[in-house]
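Structure first, commentary second.
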Amino acid sequence: MVLLLSIIVQGLPAITSSSHFFTNPPAPEATEAGIGPSLQGSIWVCCGCALFCLPLGIGTAIFLEEFKPTNRWLRRLSSLLQLNISNLAGVPSIVYGILGLTAFATMFGVFGSDADPWFEIGTTYKRQYLTEGMEVVFLPVEDRDSIPALTDGMVAYKSDGSEVKLNVIGPDDDFPDDDATMAVSVLSDAEGGINANQAWYSFRLPFGRSVLAASLTLMLVILPVIIISTQEALRAVPSSLRQAAQGLGCTPWQVISNVSLPAAVPGIMTGAILAMSRAIGEAAPILMLAGIVYITQGPKHLMDDFSVLPIQIYYWAGLPINPNATLNFQHIAAGGIIVLLGILFAFNSIAVLIRQLATKRLT
Amino acid sequence: MKRVFTWTLFALVVALGTNFGTNANAQGIADLEGKIVVDGSSTVAPISIRASDAFRKKCPKVSVPVGVSGTGGGFKRFTKGETDISDASRPIKFKELKQCEENGVKFIEIPVAYDGLTIAVAKNNSFVDVLTVDQLKKIFRASKGDGSFTNAKTWKEVNPEWPETPIKIFAPGTDSGTFDYFKEVVVGKEEGASIREDMSVSEDDNQLVQGIANTDGAVGFFGASYYFSNQDKLKAVKIVNPATKEAVEVSAENIESGKYAPFSRPLFIYVNAKSARRPEVKVFVTHFLDNAGELAKAVDYVGLPESISSVAMNHFKRRKTGTHFWDKDGEKKEGSLTELYTAENILSLE
């Protein structure tokens with residue numbers, strides 16, 4: 001309670017004093033810093049996580065609970081699985097972070113590295129040149145390794161898309177006299193820098209330190225929790241309901257999709273939402289995966305760099321405290337904590353609401 | 001000749017762009033696009049973040065995310081060519097150098113600021129004012145199993161005139177460059193020597209500050225910037241310079257002049273030479289170096305003397321790759337940054 005009060009006292013000025021707290025990127029000055037990109041990052045990672053986790057978790061639970069094996073050996077296997085899932089629920093999340101880094105981010109190194117992926121889609125490359133007149137021109141290229149041979153009169157593009165004709169200065173040529181030609185002049189051996197444009201659907205193997213890798217890692221963290229809570233919910237459905245359905249001639253699938261699952265939905269949703277609120281508050285596995293603490297934009301696609309709220313808070317809380325300033329990074333961190341607490345509180349209220357409203361008497 | 005002309009023009013435009021944002025030529029640079037991946041030491045990160053933030057105002061389409069994987073973690077990625085710039089609070093290790101060589105990663109080594117390591121005690125500690133390096137060894141080293149060295153458990157064992165208060169040590173995490181640097185000075189390469197293990201370790205420097213300020217007989221070490229902002233709670237111990245035998249206080253002047261030895265350390269950025277061919281990286285690093293002094297001061301570090309920063313600029317312009325701190329047999333070179341950081345002293349990778 002004291003802790004909560006002190007957080008609110010410290011954090012409220014941060015939220016209220018800067019009108020851009022929710023949209024600004026992190027900044028070196030506490031007065032300008034905001035949680036924009038990390039909040040967006042958190043939302044992206046969490047949505048991605050839910051997308052992968054819910055079907056897989058609920059499906060696994062249905063399989064384990066509704067299709068109990070009759071064979072003695074299979075039954076042993078099933079109880080072994082059950083034991084493993086309960087154990088996995090207790091593994092510290094940092095361990096999943098290490099696993100996620102090797103399994104998703106680098107993929108054991110079999111698909112090359114982040115900088116040179118084995119498979120890529122939705123990425124177009126261009127070479128960026130700074131002309132002798134300090135203007136920026138681009139030449140589209142096939143892949144990241146190709147270096148175009150520069151010729152006089154070659155068409156290049158400026159950043160607004162307009163075309164310009166390049167003037168190439170050979171090793172023995174003189175520089176042009178007028179500024180207009182200088183603006184489109186490049187040395188014949190000019191160093192163009194590779195530049196990647198990624199579309200919204202871009203995808204690559206390995207995933208690298210991307211939103212997708214983080215989502216999958218968090219999926220590992222909360223999957224056991226979701227499986228166990230779904231199993232509990234299914235177990236709570238009275239067997240009389242199932243027997244009635246079976247008695248009416250339903251196939252096992254019909255029993256599940258029409259009877260058990262609908263009856264268990266409130267329990268499943270509650271468990272899933274609580275698991276998601278754990279995922280949104282995790283810092284350790286993400287820190288292991290991608291410890292970015294300064295980023296100016298939220299992610300644009302699943303392969304993008306990102307930061308999440310807990311990491312931003314963790315970094316800010318460790319910065320030196322300036323006793324003379326009215327607004328320190330500690331206050332900004334406290335502001336971030338309030339936002340995170342708000343999200344968690346909202347999640348939990350939804351869970352409670354679902355349980356209250358959707359639960360029907362089944363017996 | 002042409003190259004020199006290009007670079008002069010380039011430096012001129014960057015300088016103009018820095019001073020007058022409305023300059024027509026700066027508009028050209030503002031069109032630059034791309035992403036520069038920076039990762040590494042959390043000690044250097046505040047400088048990089050400041051540089052990145054200032055750069056964003058100049059080239060809004062270039063994103064420069066800064067990560068804090070730690071100096072070692074940053075180098076692990078850098079040696080694989082995953083990052084463009086690696087922040088480091090110590091020079092590259094020989095092992096990391098070898099990995100760079102294996103993976104064909106060449107780099108330009110650039111010091112950006114000095115950081116003073118502060119040995120601090122609580123404000124109300126009345127007896128500790130000055131410590132020598134030998135006394136620090138007595139305090140921080142582990143006892144040897146054969147009994148040839150035993151560390152001090154109380155302050156009386158360090159100096160007979162001091163009270164018999166037990167020593168409590170607060171230290172930063174073992175993965176940090178700060179810890180590595182302190183260990184190198186206090187423990188060195190002596191056979192069988194190591195740092196003691198009965199210390200309170202925290203990755204969060206604010207916790208170290210709290211711990212030292214509120215514990216009787218506590219001592220600890222961390223970057224000087226944490227001392228500068230907590231002078232009301234802490235007392236920095238003067239360190240006897242082993243060369244001049246003079247007790248020196250931690251201050252910006254003493255760190256820059258090199259008097260605060262052996263606990264002033266240079267902070268580096270390592271730029272991947274292949275990435276440095278990209279225009280946006282070139283502009284960013286040039287911008288970084290031009291403003292390094294100011295950036296350092298803004299985060300309570302100490303700017304480099306002109307003599308070193310001009311060498312650094314020159315190294316980057318001429319793409320002088322390699323390290324200044326190792327010879328090719330893996331022997332670490334001894335000396336101050338001014339002595340070591342010269343073009344003649346460079347060890348290039350094959």
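A note on labels: chains of the structure tokens are A, B, ... as shown, every chain counts residues from 1, and ligands are counted from 1 in their shown order.
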Using only C-alpha atoms, find each residue in chain A having at least one atom no more than 6 Å away from chain B; report its shortest atom-to-atom pair and that distance in Å (one decimal), rows by chain then rising number, as a Markdown table.
```
| residue | atom | partner | partner_atom | distance |
| --- | --- | --- | --- | --- |
| A:Pro28 | CA | B:Arg50 | CA | 5.6 |
| A:Ala115 | CA | B:Glu82 | CA | 5.6 |
| A:Met134 | CA | B:Gly28 | CA | 5.7 |
| A:Glu135 | CA | B:Gly28 | CA | 4.3 |
| A:Val136 | CA | B:Gly28 | CA | 5.9 |
| A:Glu191 | CA | B:Arg277 | CA | 5.9 |
| A:Gly193 | CA | B:Arg278 | CA | 3.9 |
| A:Asn195 | CA | B:Gly34 | CA | 5.8 |
| A:Gly291 | CA | B:Gly67 | CA | 5.1 |
| A:Ile292 | CA | B:Gly67 | CA | 3.8 |
| A:Val293 | CA | B:Gly67 | CA | 5.6 |
| A:Tyr294 | CA | B:Val66 | CA | 5.0 |
| A:Ile295 | CA | B:Pro65 | CA | 4.6 |
| A:Gly318 | CA | B:Asp204 | CA | 5.4 |
| A:Pro320 | CA | B:Tyr226 | CA | 5.5 |
| A:Asn322 | CA | B:Ser229 | CA | 5.3 |
```
Legend entry - Shell of 6 Å around Val112 of chain B, only C-alpha atoms, local chain residues under 2 positions omitted, as JSON, numbers by chain: {"B": [267, 268, 292]}
Selection file, N, CA and C atoms, as a short mmCIF file (atom, residue, chain, number, x, y, z; two decimals), in the first residue's frame:
```
data_model
loop_
_atom_site.label_atom_id
_atom_site.label_comp_id
_atom_site.auth_asym_id
_atom_site.auth_seq_id
_atom_site.Cartn_x
_atom_site.Cartn_y
_atom_site.Cartn_z
N LEU B 267 35.94 5.70 -22.27
CA LEU B 267 34.78 4.99 -22.79
C LEU B 267 34.87 5.01 -24.31
N PHE B 268 34.45 3.93 -24.94
CA PHE B 268 34.67 3.80 -26.38
C PHE B 268 33.38 3.56 -27.14
N ALA B 292 31.09 15.11 -29.06
CA ALA B 292 31.37 14.18 -27.96
C ALA B 292 31.62 14.91 -26.65
#
```
Legend entry - Spatial neighbours of segment 147-151 of chain A, max dist 9 Å, only C-alpha atoms, sep filter under 6 positions, as a PyMOL selection string: chain A and resi 127+139-141+166-168+186-190+192+194
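When only C-alpha atoms are used to compute distances to Ala27 of chain A, the closest of the residues A:Ser162, A:Asn87, A:Gln312, A:Ser185 turns out to be A:Gln312.
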Inset, instruction - Find the residues around Val121 of chain B up to 12 Å (only C-alpha atoms counted), leave out those fewer than 4 positions away in its own chain, and share them as a PyMOL selection string. - result: chain B and resi 125-131+167-170+208-222+227+230-238
Legend entry - Who sits within 10 Å of segment 246-258 of chain B, only C-alpha atoms, same chain under 3 positions skipped, as a VMD selection string: chain B and resid 113 to 119 129 to 132 224 227 to 228 236 to 243 261 to 266 297 300 to 305 336 to 338
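Between atom CA of Pro323 of chain A and atom CA of Thr31 of chain A the separation is 14.5 Å.
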Write out as a compact mmCIF listing (two decimals) with C-alpha atoms, in the first residue's frame the residues lying within 9 Å of Trp200 of chain A, counting only C-alpha atoms and excluding same-chain residues fewer than 6 positions away.
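Produced file around.txt, reproduced below:
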```txt
# COMPACT_ATOMS: atom_id res chain seq x y z
CA GLY A 122 8.76 -8.29 -48.18
CA LYS A 300 5.60 -1.31 -37.89
CA HIS A 301 5.69 -5.03 -38.68
CA LEU A 302 6.47 -8.34 -36.99
CA MET A 303 10.17 -8.17 -37.95
```
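Going from atom CA of Phe306 of chain A to atom CA of His20 of chain A covers 19.5 Å.
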